[in-house]
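Text of query.txt, listed as compact mmCIF, C-alpha atoms:
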# COMPACT_ATOMS: atom_id res chain seq x y z
CA MET B 1 0.00 0.00 0.00
CA LYS B 2 1.25 3.45 -0.93
CA LEU B 3 0.27 6.66 0.89
CA ALA B 4 1.26 10.19 -0.03
CA ILE B 5 1.18 13.15 2.35
CA VAL B 6 0.95 16.54 0.65
CA GLY B 7 2.48 18.97 3.11
CA GLY B 8 4.72 16.19 4.38
CA GLY B 9 7.30 18.72 5.53
CA SER B 10 4.98 19.86 8.31
CA THR B 11 6.44 19.61 11.79
CA TYR B 12 3.26 17.72 12.66
CA THR B 13 4.04 14.81 10.30
CA PRO B 14 5.97 12.73 12.92
CA GLU B 15 2.70 12.47 14.89
CA LEU B 16 1.14 10.76 11.88
CA ILE B 17 4.23 8.59 11.41
CA ASP B 18 4.04 7.42 15.01
CA GLY B 19 0.38 6.44 14.53
CA PHE B 20 1.14 4.65 11.28
CA ALA B 21 3.91 2.69 13.00
CA ARG B 22 1.86 1.72 16.06
CA LEU B 23 -1.26 0.76 14.10
CA ARG B 24 0.40 -1.04 11.21
CA ASP B 25 -2.05 -3.98 11.37
CA THR B 26 -4.93 -1.63 10.58
CA LEU B 27 -3.03 0.22 7.86
CA PRO B 28 -0.23 -1.90 6.36
CA ILE B 29 1.77 0.77 4.53
CA GLY B 30 4.49 -0.38 2.18
CA GLU B 31 5.54 3.03 0.86
CA LEU B 32 5.03 6.48 2.34
CA VAL B 33 5.84 9.53 0.24
CA LEU B 34 6.21 12.95 1.84
CA VAL B 35 5.83 15.75 -0.68
CA ASP B 36 6.53 19.40 0.07
CA PRO B 37 8.10 22.35 -1.75
CA ALA B 38 10.14 23.25 1.37
CA ALA B 39 13.09 20.93 0.74
CA ASP B 40 15.01 21.82 3.91
CA ARG B 41 12.10 21.04 6.23
CA LEU B 42 11.16 18.00 4.20
CA GLU B 43 14.52 16.33 4.65
CA LEU B 44 14.49 16.91 8.41
CA VAL B 45 10.98 15.50 8.76
CA GLY B 46 11.74 12.63 6.37
CA GLY B 47 14.77 11.68 8.41
CA VAL B 48 12.94 11.49 11.71
CA ALA B 49 10.07 9.62 9.99
CA ARG B 50 12.48 6.94 8.79
CA ARG B 51 14.00 6.64 12.24
CA ILE B 52 10.59 6.30 13.92
CA PHE B 53 9.63 3.51 11.51
CA ALA B 54 12.98 1.77 12.03
CA LYS B 55 12.73 2.08 15.82
CA GLN B 56 9.31 0.43 15.81
CA GLY B 57 10.25 -2.20 13.24
CA HIS B 58 7.96 -0.92 10.51
CA PRO B 59 9.03 -2.21 7.08
CA ALA B 60 7.70 0.73 5.01
CA THR B 61 10.01 2.85 2.93
CA VAL B 62 9.80 6.62 3.40
CA THR B 63 10.67 8.81 0.45
CA THR B 64 10.65 12.59 0.11
CA THR B 65 10.09 14.68 -3.00
CA GLY B 66 9.02 18.05 -4.27
CA ASP B 67 7.41 16.39 -7.31
CA LEU B 68 3.69 16.12 -6.60
CA ASP B 69 2.88 14.06 -9.69
CA ALA B 70 5.49 11.44 -8.85
CA ALA B 71 4.36 11.38 -5.21
CA VAL B 72 0.69 10.65 -5.96
CA ALA B 73 1.24 8.20 -8.82
CA ASP B 74 -0.13 4.78 -7.78
CA ALA B 75 -1.01 6.08 -4.31
CA ASP B 76 -3.96 4.36 -2.65
CA ALA B 77 -4.69 7.47 -0.57
CA VAL B 78 -3.45 11.05 -0.58
CA LEU B 79 -3.53 13.06 2.65
CA LEU B 80 -3.73 16.85 2.41
CA GLN B 81 -2.26 18.86 5.29
CA LEU B 82 -0.99 22.00 3.59
CA ARG B 83 -0.94 25.62 4.74
CA VAL B 84 -0.80 28.15 1.91
CA GLY B 85 1.33 31.05 3.11
CA GLY B 86 2.62 29.17 6.14
CA GLN B 87 2.49 30.46 9.69
CA ALA B 88 3.10 34.01 8.46
CA ALA B 89 -0.26 34.02 6.66
CA ARG B 90 -1.89 32.42 9.67
CA ASN B 91 -0.50 35.14 11.89
CA LYS B 92 -2.16 37.74 9.69
CA ASP B 93 -5.48 35.83 9.75
CA GLU B 94 -5.35 35.96 13.54
CA THR B 95 -4.47 39.64 13.85
CA TRP B 96 -6.03 41.96 11.28
CA PRO B 97 -9.66 40.98 12.11
CA LEU B 98 -8.98 42.08 15.70
CA GLU B 99 -8.39 45.60 14.40
CA CYS B 100 -12.08 45.61 13.44
CA GLY B 101 -13.23 44.13 16.74
CA CYS B 102 -13.74 40.64 15.29
CA VAL B 103 -12.31 37.27 16.26
CA GLY B 104 -8.97 36.58 14.61
CA GLN B 105 -8.94 32.86 13.92
CA GLU B 106 -7.71 30.73 11.02
CA THR B 107 -10.81 28.59 10.52
CA THR B 108 -13.77 30.86 11.21
CA GLY B 109 -14.77 34.48 10.75
CA ALA B 110 -12.83 36.77 8.42
CA GLY B 111 -9.52 34.99 9.02
CA GLY B 112 -11.09 31.66 8.15
CA LEU B 113 -12.45 33.16 4.94
CA ALA B 114 -8.98 34.41 4.02
CA LYS B 115 -7.57 30.92 4.53
CA ALA B 116 -10.33 29.41 2.40
CA LEU B 117 -9.66 31.87 -0.43
CA ARG B 118 -5.94 31.01 -0.42
CA THR B 119 -6.43 27.29 -0.01
CA VAL B 120 -9.29 26.12 -2.23
CA PRO B 121 -7.65 26.84 -5.62
CA VAL B 122 -4.41 25.15 -4.55
CA VAL B 123 -6.21 22.07 -3.22
CA LEU B 124 -8.33 21.74 -6.34
CA ASP B 125 -5.22 21.87 -8.51
CA ILE B 126 -3.63 19.13 -6.40
CA ALA B 127 -6.80 17.04 -6.58
CA GLU B 128 -6.94 17.31 -10.38
CA ARG B 129 -3.38 16.07 -10.58
CA VAL B 130 -4.26 13.18 -8.27
CA ARG B 131 -7.24 12.33 -10.46
CA ARG B 132 -5.11 12.34 -13.62
CA ALA B 133 -2.43 10.19 -12.03
CA ASN B 134 -4.69 7.80 -10.14
CA PRO B 135 -8.47 8.34 -10.26
CA ASP B 136 -9.10 5.55 -7.75
CA ALA B 137 -7.10 7.17 -4.96
CA TRP B 138 -8.95 8.54 -1.94
CA ILE B 139 -8.20 12.12 -0.96
CA VAL B 140 -8.37 12.67 2.81
CA ASP B 141 -8.44 16.34 3.73
CA PHE B 142 -7.01 17.60 7.02
CA THR B 143 -6.51 21.09 5.59
CA ASN B 144 -8.53 23.85 7.25
CA PRO B 145 -11.15 25.09 6.84
CA VAL B 146 -12.01 21.41 6.38
CA GLY B 147 -15.73 21.91 5.66
CA ILE B 148 -15.20 24.40 2.85
CA VAL B 149 -12.21 22.57 1.38
CA THR B 150 -14.02 19.22 1.42
CA ARG B 151 -17.09 20.83 -0.16
CA ALA B 152 -14.87 22.21 -2.93
CA LEU B 153 -13.37 18.77 -3.53
CA GLN B 154 -16.68 16.93 -3.54
CA THR B 155 -18.40 19.56 -5.70
CA ALA B 156 -15.63 19.06 -8.28
CA GLY B 157 -16.34 15.32 -8.24
CA HIS B 158 -13.27 14.16 -6.37
CA LYS B 159 -13.21 11.01 -4.25
CA ALA B 160 -12.69 12.95 -1.06
CA VAL B 161 -13.60 13.00 2.62
CA GLY B 162 -12.68 15.47 5.35
CA LEU B 163 -11.34 14.64 8.81
CA CYS B 164 -11.11 16.63 12.04
CA ASN B 165 -9.80 15.59 15.45
CA VAL B 166 -12.54 17.22 17.58
CA ALA B 167 -14.73 14.11 17.74
CA ILE B 168 -11.96 11.63 18.51
CA GLY B 169 -10.66 14.07 21.13
CA PHE B 170 -14.03 14.05 22.89
CA GLN B 171 -14.27 10.27 22.58
CA ARG B 172 -10.88 9.80 24.25
CA LYS B 173 -11.57 12.32 27.03
CA PHE B 174 -15.00 10.87 27.81
CA ALA B 175 -13.58 7.34 27.81
CA ALA B 176 -10.89 8.38 30.29
CA GLN B 177 -13.49 10.02 32.55
CA LEU B 178 -15.65 6.89 32.41
CA GLY B 179 -12.66 4.60 32.89
CA VAL B 180 -13.40 2.55 29.76
CA ALA B 181 -11.73 1.79 26.45
CA PRO B 182 -12.37 4.43 23.74
CA GLU B 183 -13.96 1.77 21.50
CA LEU B 184 -16.84 1.58 23.97
CA VAL B 185 -17.76 5.25 23.54
CA ARG B 186 -19.94 6.40 20.64
CA LEU B 187 -20.84 10.04 20.11
CA ASP B 188 -24.04 11.67 18.90
CA HIS B 189 -21.96 14.30 17.13
CA VAL B 190 -23.68 16.75 14.78
CA GLY B 191 -22.98 19.98 12.93
CA LEU B 192 -20.36 21.40 10.61
CA ASN B 193 -16.60 21.32 10.88
CA HIS B 194 -15.63 23.39 13.94
CA LEU B 195 -19.32 23.96 14.67
CA THR B 196 -20.47 20.79 16.41
CA TRP B 197 -22.23 19.57 19.51
CA GLU B 198 -22.10 16.25 21.34
CA ARG B 199 -25.83 15.67 21.89
CA GLY B 200 -25.36 12.26 23.40
CA VAL B 201 -22.66 9.84 24.54
CA THR B 202 -23.41 6.12 24.40
CA LEU B 203 -21.47 3.62 26.47
CA LEU B 204 -21.65 0.55 24.24
CA ASP B 205 -22.24 -2.94 25.60
CA ALA B 206 -19.24 -4.10 23.56
CA PRO B 207 -16.99 -2.60 20.88
CA GLY B 208 -19.05 -2.18 17.72
CA ALA B 209 -22.28 -3.12 19.47
CA ALA B 210 -25.59 -1.61 18.44
CA THR B 211 -26.76 -1.26 22.04
CA GLY B 212 -25.59 0.65 25.06
CA ARG B 213 -26.70 3.25 27.55
CA GLU B 214 -26.75 7.06 27.41
CA VAL B 215 -24.16 8.58 29.76
CA LEU B 216 -23.98 12.26 28.76
CA PRO B 217 -26.02 13.44 31.80
CA GLU B 218 -23.70 11.37 33.98
CA LEU B 219 -20.63 12.98 32.41
CA LEU B 220 -22.01 16.49 32.82
CA ALA B 221 -22.96 15.82 36.43
CA GLY B 222 -19.69 14.20 37.43
CA PHE B 223 -17.17 16.02 35.24
CA GLY B 224 -18.93 19.26 34.33
CA ASP B 225 -16.20 21.48 35.79
CA ALA B 226 -13.46 19.71 33.85
CA ILE B 227 -15.46 19.65 30.62
CA ALA B 228 -16.31 23.37 30.84
CA ALA B 229 -12.71 24.28 31.69
CA ASP B 230 -11.46 22.30 28.70
CA LEU B 231 -13.88 24.18 26.44
CA HIS B 232 -13.08 27.56 28.04
CA LEU B 233 -16.83 28.02 28.44
CA PRO B 234 -18.83 28.76 31.62
CA LEU B 235 -20.21 25.65 33.30
CA PRO B 236 -23.71 27.19 33.63
CA LEU B 237 -23.80 27.59 29.83
CA VAL B 238 -22.78 23.98 29.23
CA ARG B 239 -25.40 22.77 31.69
CA ARG B 240 -28.04 25.03 30.16
CA LEU B 241 -27.32 23.67 26.69
CA GLY B 242 -27.38 20.11 28.01
CA VAL B 243 -24.80 19.13 25.39
CA VAL B 244 -21.05 19.47 24.96
CA PRO B 245 -20.23 22.06 22.29
CA SER B 246 -16.91 22.03 20.52
CA TYR B 247 -14.23 24.43 21.71
CA TYR B 248 -14.86 26.54 18.60
CA LEU B 249 -18.36 27.47 19.77
CA ARG B 250 -16.78 29.89 22.23
CA TYR B 251 -16.10 32.18 19.26
CA TYR B 252 -19.87 32.46 18.87
CA TYR B 253 -21.14 32.17 22.44
CA GLN B 254 -18.54 34.57 23.91
CA HIS B 255 -17.32 36.53 20.90
CA ASP B 256 -16.48 39.84 22.58
CA ALA B 257 -14.75 38.20 25.53
CA VAL B 258 -12.63 36.12 23.16
CA VAL B 259 -11.67 39.21 21.15
CA ALA B 260 -10.48 40.89 24.35
CA GLU B 261 -8.55 37.76 25.30
CA LEU B 262 -6.88 37.46 21.88
CA ARG B 263 -5.85 41.11 21.91
CA GLU B 264 -4.15 40.54 25.26
CA GLN B 265 -2.36 37.24 24.64
CA GLY B 266 -1.12 37.51 21.05
CA SER B 267 -1.60 35.11 18.15
CA ARG B 268 -1.53 31.35 18.29
CA ALA B 269 0.46 31.48 15.05
CA ALA B 270 3.35 33.18 16.81
CA GLN B 271 3.32 30.49 19.49
CA VAL B 272 3.22 27.70 16.90
CA ALA B 273 6.04 29.28 14.89
CA GLU B 274 8.29 29.12 17.97
CA ILE B 275 7.25 25.53 18.67
CA GLU B 276 8.03 24.63 15.05
CA ARG B 277 11.47 26.23 15.29
CA GLN B 278 12.28 24.11 18.31
CA LEU B 279 10.84 20.97 16.71
CA LEU B 280 12.98 21.38 13.59
CA GLU B 281 16.06 21.64 15.81
CA LEU B 282 15.04 18.38 17.47
CA TYR B 283 14.35 16.68 14.13
CA ALA B 284 17.87 17.56 13.00
CA ASP B 285 19.28 15.30 15.73
CA PRO B 286 20.20 11.98 14.04
CA ALA B 287 19.61 10.18 17.34
CA LEU B 288 15.94 11.23 17.58
CA ASP B 289 13.79 8.19 16.73
CA THR B 290 10.59 8.91 18.66
CA LYS B 291 8.13 11.78 18.46
CA PRO B 292 9.27 14.44 20.95
CA GLU B 293 7.08 15.50 23.85
CA LEU B 294 7.09 19.06 22.51
CA LEU B 295 5.00 17.87 19.55
CA ALA B 296 1.98 17.63 21.85
CA LYS B 297 1.99 21.43 22.10
CA ARG B 298 1.75 21.71 18.31
CA GLY B 299 -1.94 20.66 18.36
CA GLY B 300 -3.83 17.94 16.51
CA ALA B 301 -4.13 15.36 19.29
CA PHE B 302 -5.30 11.91 18.12
CA TYR B 303 -5.19 12.87 14.42
CA SER B 304 -2.95 9.91 13.67
CA GLU B 305 -5.38 7.42 15.20
CA ALA B 306 -8.32 9.01 13.39
CA ALA B 307 -6.42 8.97 10.11
CA VAL B 308 -5.43 5.32 10.44
CA GLN B 309 -8.99 4.28 11.27
CA LEU B 310 -10.46 6.25 8.38
CA ILE B 311 -7.95 5.24 5.70
CA GLY B 312 -7.91 1.63 6.86
CA ALA B 313 -11.70 1.45 6.57
CA LEU B 314 -11.72 3.15 3.15
CA LEU B 315 -9.05 0.83 1.77
CA GLY B 316 -10.55 -2.30 3.30
CA THR B 317 -7.64 -3.13 5.59
CA ALA B 318 -9.39 -2.40 8.89
CA GLY B 319 -11.52 -5.53 8.92
CA GLY B 320 -14.93 -4.40 7.68
CA SER B 321 -17.07 -1.31 8.11
CA ASP B 322 -16.65 1.16 10.93
CA VAL B 323 -18.61 4.12 12.28
CA GLN B 324 -16.50 7.27 12.28
CA VAL B 325 -17.13 11.00 12.45
CA VAL B 326 -16.19 12.56 9.12
CA ASN B 327 -16.91 15.56 6.95
CA THR B 328 -18.98 14.52 3.97
CA ARG B 329 -21.86 15.47 1.70
CA ASN B 330 -25.18 16.08 3.42
CA ASP B 331 -27.55 14.44 0.91
CA GLY B 332 -30.64 15.00 3.05
CA ILE B 333 -29.20 13.87 6.38
CA LEU B 334 -29.86 17.35 7.80
CA PRO B 335 -33.00 18.27 5.83
CA PHE B 336 -32.71 21.99 6.52
CA LEU B 337 -29.42 22.16 4.56
CA PRO B 338 -28.69 21.82 0.83
CA ASP B 339 -27.74 18.34 -0.33
CA ASP B 340 -24.28 19.52 -1.38
CA ALA B 341 -23.46 21.03 2.00
CA VAL B 342 -20.67 19.25 3.88
CA ILE B 343 -21.65 18.17 7.38
CA GLU B 344 -19.70 16.58 10.23
CA VAL B 345 -21.55 13.53 11.55
CA PRO B 346 -20.96 9.84 12.24
CA ALA B 347 -20.86 7.75 9.08
CA THR B 348 -20.41 4.15 8.09
CA VAL B 349 -17.03 3.91 6.41
CA ASP B 350 -15.77 0.94 4.44
CA ALA B 351 -14.33 -0.01 1.06
CA ALA B 352 -17.64 0.98 -0.55
CA GLY B 353 -17.23 4.57 0.66
CA VAL B 354 -18.73 6.93 3.22
CA ARG B 355 -22.41 6.86 4.17
CA PRO B 356 -23.53 9.35 6.85
CA LEU B 357 -25.90 7.91 9.43
CA PRO B 358 -29.46 9.26 9.82
CA GLN B 359 -29.75 12.00 12.42
CA ARG B 360 -32.60 12.79 14.76
CA PRO B 361 -34.02 16.33 14.34
CA VAL B 362 -31.56 19.04 15.33
CA GLU B 363 -32.77 21.43 18.00
CA PRO B 364 -33.50 24.99 16.72
CA LEU B 365 -30.82 26.47 18.99
CA PHE B 366 -28.21 24.50 17.05
CA ALA B 367 -29.93 24.17 13.66
CA GLY B 368 -30.20 27.95 13.25
CA LEU B 369 -26.47 28.46 13.64
CA ILE B 370 -25.67 25.46 11.43
CA ALA B 371 -27.87 26.84 8.64
CA HIS B 372 -26.38 30.32 9.04
CA VAL B 373 -22.79 29.12 8.79
CA THR B 374 -23.65 26.77 5.91
CA ALA B 375 -24.90 29.76 3.90
CA TYR B 376 -21.63 31.55 4.64
CA GLU B 377 -19.62 28.49 3.56
CA GLN B 378 -21.47 28.34 0.25
CA LEU B 379 -20.68 32.01 -0.42
CA ALA B 380 -17.09 31.55 0.76
CA LEU B 381 -16.65 28.71 -1.73
CA GLU B 382 -18.06 30.84 -4.54
CA ALA B 383 -15.61 33.60 -3.64
CA ALA B 384 -12.72 31.12 -3.59
CA LEU B 385 -13.69 29.69 -6.99
CA LYS B 386 -14.61 32.88 -8.81
CA GLY B 387 -12.88 35.71 -6.93
CA GLY B 388 -14.05 39.28 -6.69
CA ARG B 389 -14.42 41.74 -3.84
CA ASP B 390 -18.23 41.62 -4.04
CA ARG B 391 -18.21 37.87 -3.38
CA VAL B 392 -15.86 38.35 -0.46
CA LEU B 393 -18.17 41.03 0.92
CA ASP B 394 -21.21 38.77 0.52
CA ALA B 395 -19.50 35.95 2.43
CA LEU B 396 -18.57 38.31 5.25
CA LEU B 397 -22.09 39.72 5.42
CA ALA B 398 -23.42 36.18 5.69
CA HIS B 399 -21.09 35.18 8.53
CA PRO B 400 -22.77 35.37 11.97
CA LEU B 401 -19.56 36.78 13.46
CA VAL B 402 -19.63 39.73 11.04
CA GLY B 403 -23.02 40.53 9.49
CA GLN B 404 -22.81 44.35 9.41
CA VAL B 405 -22.13 46.13 6.13
CA GLU B 406 -19.69 48.74 7.48
CA LEU B 407 -17.75 46.03 9.30
CA ALA B 408 -17.82 43.71 6.29
CA ASP B 409 -16.48 46.53 4.09
CA ARG B 410 -13.51 47.14 6.37
CA LEU B 411 -12.79 43.44 6.71
CA ALA B 412 -13.00 42.87 2.95
CA ASP B 413 -10.45 45.61 2.32
CA SER B 414 -8.12 44.25 5.00
CA LEU B 415 -8.47 40.69 3.74
CA LEU B 416 -7.55 41.64 0.20
CA ALA B 417 -4.68 43.87 1.28
CA HIS B 418 -3.11 41.11 3.36
CA ASN B 419 -3.61 38.34 0.78
CA LYS B 420 -2.84 39.90 -2.61
CA GLN B 421 0.20 37.71 -3.16
CA HIS B 422 -1.95 34.57 -2.78
CA LEU B 423 -5.02 35.66 -4.78
CA SER B 424 -4.46 35.90 -8.53
CA TRP B 425 -7.60 38.02 -9.00
CA ALA B 426 -6.98 40.53 -6.18

The structure given in the file should be rewritten as C-alpha cells.
Amino acid sequence: MKLAIVGGGSTYTPELIDGFARLRDTLPIGELVLVDPAADRLELVGGVARRIFAKQGHPATVTTTGDLDAAVADADAVLLQLRVGGQAARNKDETWPLECGCVGQETTGAGGLAKALRTVPVVLDIAERVRRANPDAWIVDFTNPVGIVTRALQTAGHKAVGLCNVAIGFQRKFAAQLGVAPELVRLDHVGLNHLTWERGVTLLDAPGAATGREVLPELLAGFGDAIAADLHLPLPLVRRLGVVPSYYLRYYYQHDAVVAELREQGSRAAQVAEIERQLLELYADPALDTKPELLAKRGGAFYSEAAVQLIGALLGTAGGSDVQVVNTRNDGILPFLPDDAVIEVPATVDAAGVRPLPQRPVEPLFAGLIAHVTAYEQLALEAALKGGRDRVLDALLAHPLVGQVELADRLADSLLAHNKQHLSWA
C-alpha cells in the first residue's frame, strides 16, 4: 500500500508517522511519500520519519520529494495537510480581524475566509493532478477550513472525505473520565466542521455493538467542571445547553470576551512558529527516533489514530465497516441544509465509501447556527472559486460573526490587502 502526504514537511508529520507505525495492522503501509516544496524542512521531517519507523520495526520505505505528480502516482490514498502562506499568513489571519473588533482565527470568521480563499484553488489543482495520475485514490483532507475545502473537492467530483480531530478528542476524554476503552464510547456528534455539539454519549455494551446506555447526563454531572474548563466556556452555559459544544463554539457564544482575550495574549500562530522552530532543531538530531514531547503542544491530538482508522476502513484493511465522524456530503441527512453542504456527523465507512448515518431532528438552537454558517460556507466557496471583492463582501455579510455592512467593508479591504500575493484576481 502506498500513501502520499501533501504537506509532508509539516512539523506535525511525525505524529502521523508514530500512529502509522503503532497501528500497522490496521493500515499496512508499504511506501510512504512525503511531498513538500520546502526541501530543507522535508529532509528533516523525512529523516525522523524513517527513524521512527525503524525504531518500531515498521518495514515501510519513506521517500521525500518536491514532485507532486510522482508522489501521488499509484497512491492508494493522498492526505492533504498543507498551509498556503505558512504560519506568516496564519499570523495575519489571527491579527487583522482584531483591528475591526472581530475574532482573529484561522478557521472561522474573516480569518477563516482568508484561509479558504488562499487554499481552495491550490487544493483543487492538487486534486486534479491526483485524479489524472490515479483516479481511484482517496483524498483525505485535514486542511482547514475542512468543511469548505471538502465541499470544494466533492463539488468538483473528487473522491474525497474530510477529517477533524474534535470528535476523537471528545471520545478519548470521555472514555478516560468513564474509565473505559475508547472503542466503547460512541458520540451523537452533529454539525459542521468546527461547529459541532455532542448531543449524546453512548457507552456501548461491547466494541461495535448496536446497544448501550446514554451517559452524557452522567458525564455532565460528574465532570462538568473539567469539561467546561477544557472548552473555556462557563459551566452554567454547558449545563443550560445540556450538550457538549466544541471548543470553537466559544467564538460564537462569547465573541467579545474572546476578542479581548486574543488582543491581550497575542496570536496562536506566533506560538506555533516558535514551537516549530524548536521541533525542527530536534528533528535535525540523528539520534531522535521517537516523536518528541514538545510535539503535543503543536496541536492535533489523536489525528494519527483518526487517520489510520479512516484510511484503513476506506481501503478495506481495517476488517470491515466502521462508524467514524467525518466531513462529507449532506444528501438529506440534515434536511434543513442543501444536499451539497458538507456536514460533520458519524458515518459508516468501508471499502464501498462513506455513508452518513441518519440523524434525529436538530434542535432549533443549534440548527439555526448550522444553517447560518452553511450559507456563509457556500458564499465563501463561490468567492474562492470565482474571486471578486463583491463575493468576499457577501461571504462576510453572511457570517454570523460579522453581518454588518460597514464592518464587512472594512474586513473585505483588509483581507484583500493582506492576501494579494496569494489571490491571482486581487

Computed interatomic separation between CA of Ile370 in chain B and CA of Glu344 in chain B (Å): 10.8 Å

I'd like the interatomic distance between CA of Asp141 in chain B and CA of Ala318 in chain B, to a tenth of an Å. 19.5 Å

With a cut-off of 9 Å, could you pull out the residues of range 254-346 of chain B touching range 41-45 of chain B and give me the nearest pair of atoms for each, distance in Å to one decimal, using all atoms listed in the file, ordered by chain and ascending number, as a Markdown table?
| residue | atom | partner | partner_atom | distance |
| --- | --- | --- | --- | --- |
| B:Leu280 | CA | B:Leu44 | CA | 7.0 |
| B:Glu281 | CA | B:Leu44 | CA | 8.9 |
| B:Tyr283 | CA | B:Leu44 | CA | 5.7 |
| B:Ala284 | CA | B:Leu44 | CA | 5.7 |
| B:Asp285 | CA | B:Leu44 | CA | 8.9 |

Just the residues within 12 Å of Ser321 in chain B, please, counting all atoms listed in the file, with nothing from its chain fewer than 2 positions along; format it as a PDB file with C-alpha atoms, in the coordinates of the input.
ATOM      1  CA  GLY B 208     -19.050  -2.180  17.720  1.00  0.00           C
ATOM      2  CA  GLN B 309      -8.990   4.280  11.270  1.00  0.00           C
ATOM      3  CA  LEU B 310     -10.460   6.250   8.380  1.00  0.00           C
ATOM      4  CA  ILE B 311      -7.950   5.240   5.700  1.00  0.00           C
ATOM      5  CA  GLY B 312      -7.910   1.630   6.860  1.00  0.00           C
ATOM      6  CA  ALA B 313     -11.700   1.450   6.570  1.00  0.00           C
ATOM      7  CA  LEU B 314     -11.720   3.150   3.150  1.00  0.00           C
ATOM      8  CA  LEU B 315      -9.050   0.830   1.770  1.00  0.00           C
ATOM      9  CA  GLY B 316     -10.550  -2.300   3.300  1.00  0.00           C
ATOM     10  CA  THR B 317      -7.640  -3.130   5.590  1.00  0.00           C
ATOM     11  CA  ALA B 318      -9.390  -2.400   8.890  1.00  0.00           C
ATOM     12  CA  GLY B 319     -11.520  -5.530   8.920  1.00  0.00           C
ATOM     13  CA  VAL B 323     -18.610   4.120  12.280  1.00  0.00           C
ATOM     14  CA  GLN B 324     -16.500   7.270  12.280  1.00  0.00           C
ATOM     15  CA  ALA B 347     -20.860   7.750   9.080  1.00  0.00           C
ATOM     16  CA  THR B 348     -20.410   4.150   8.090  1.00  0.00           C
ATOM     17  CA  VAL B 349     -17.030   3.910   6.410  1.00  0.00           C
ATOM     18  CA  ASP B 350     -15.770   0.940   4.440  1.00  0.00           C
ATOM     19  CA  ALA B 351     -14.330  -0.010   1.060  1.00  0.00           C
ATOM     20  CA  ALA B 352     -17.640   0.980  -0.550  1.00  0.00           C
ATOM     21  CA  GLY B 353     -17.230   4.570   0.660  1.00  0.00           C
ATOM     22  CA  VAL B 354     -18.730   6.930   3.220  1.00  0.00           C
ATOM     23  CA  ARG B 355     -22.410   6.860   4.170  1.00  0.00           C
TER      24      ARG B 355
END

Determine, counting all atoms listed in the file, which protein, DNA and RNA residues have an atom within 12 Å of an atom of Leu32 in chain B; residues of the same chain fewer than 2 positions away are not included. Present the result as an MDAnalysis selection string. chainID B and resid 1:6 8 13 16:17 20:21 27:30 34:35 46 49:50 53 58:65 71:79

I want to know what sits within 9 Å of Thr196 in chain B, based on all atoms listed in the file, with residues of the same chain fewer than 2 positions away left out; could you give that as a PyMOL selection string? chain B and resi 166-167+189-194+198+244-249+344-345+366+370

Between CA of Arg391 in chain B and CA of Leu82 in chain B, what is the distance in Å, rounded to a tenth? 24.4 Å

Given all atoms listed in the file as the counted atoms, nearest of B:Gly86, B:Leu397, B:Glu305, B:Gly368 to Arg172 in chain B: B:Glu305

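Among the candidates B:Leu187, B:Leu379, B:Leu220, B:Val201, the one nearest to Ala152 in chain B when counting all atoms listed in the file is B:Leu379.
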
Range 147-156 of chain B rebuilt with N, CA, C and O atoms, output as a tab-separated table (two decimals), in the frame of the given file:
chain	number	residue	atom	x	y	z
B	147	GLY	N	-14.41	21.97	6.27
B	147	GLY	CA	-15.73	21.91	5.66
B	147	GLY	C	-15.77	22.53	4.28
B	147	GLY	O	-16.31	21.94	3.33
B	148	ILE	N	-15.19	23.72	4.14
B	148	ILE	CA	-15.20	24.40	2.85
B	148	ILE	C	-14.30	23.68	1.85
B	148	ILE	O	-14.68	23.49	0.68
B	149	VAL	N	-13.13	23.26	2.28
B	149	VAL	CA	-12.21	22.57	1.38
B	149	VAL	C	-12.81	21.25	0.90
B	149	VAL	O	-12.74	20.91	-0.29
B	150	THR	N	-13.41	20.50	1.81
B	150	THR	CA	-14.02	19.22	1.42
B	150	THR	C	-15.20	19.46	0.48
B	150	THR	O	-15.40	18.70	-0.49
B	151	ARG	N	-15.97	20.51	0.74
B	151	ARG	CA	-17.09	20.83	-0.16
B	151	ARG	C	-16.57	21.16	-1.55
B	151	ARG	O	-17.16	20.74	-2.56
B	152	ALA	N	-15.47	21.90	-1.64
B	152	ALA	CA	-14.87	22.21	-2.93
B	152	ALA	C	-14.46	20.93	-3.66
B	152	ALA	O	-14.72	20.77	-4.85
B	153	LEU	N	-13.82	20.02	-2.93
B	153	LEU	CA	-13.37	18.77	-3.53
B	153	LEU	C	-14.54	17.92	-4.01
B	153	LEU	O	-14.55	17.40	-5.14
B	154	GLN	N	-15.55	17.77	-3.18
B	154	GLN	CA	-16.68	16.93	-3.54
B	154	GLN	C	-17.51	17.56	-4.65
B	154	GLN	O	-18.01	16.85	-5.54
B	155	THR	N	-17.66	18.88	-4.64
B	155	THR	CA	-18.40	19.56	-5.70
B	155	THR	C	-17.72	19.36	-7.05
B	155	THR	O	-18.39	19.25	-8.09
B	156	ALA	N	-16.39	19.28	-7.04
B	156	ALA	CA	-15.63	19.06	-8.28
B	156	ALA	C	-15.57	17.58	-8.65
B	156	ALA	O	-14.91	17.23	-9.64
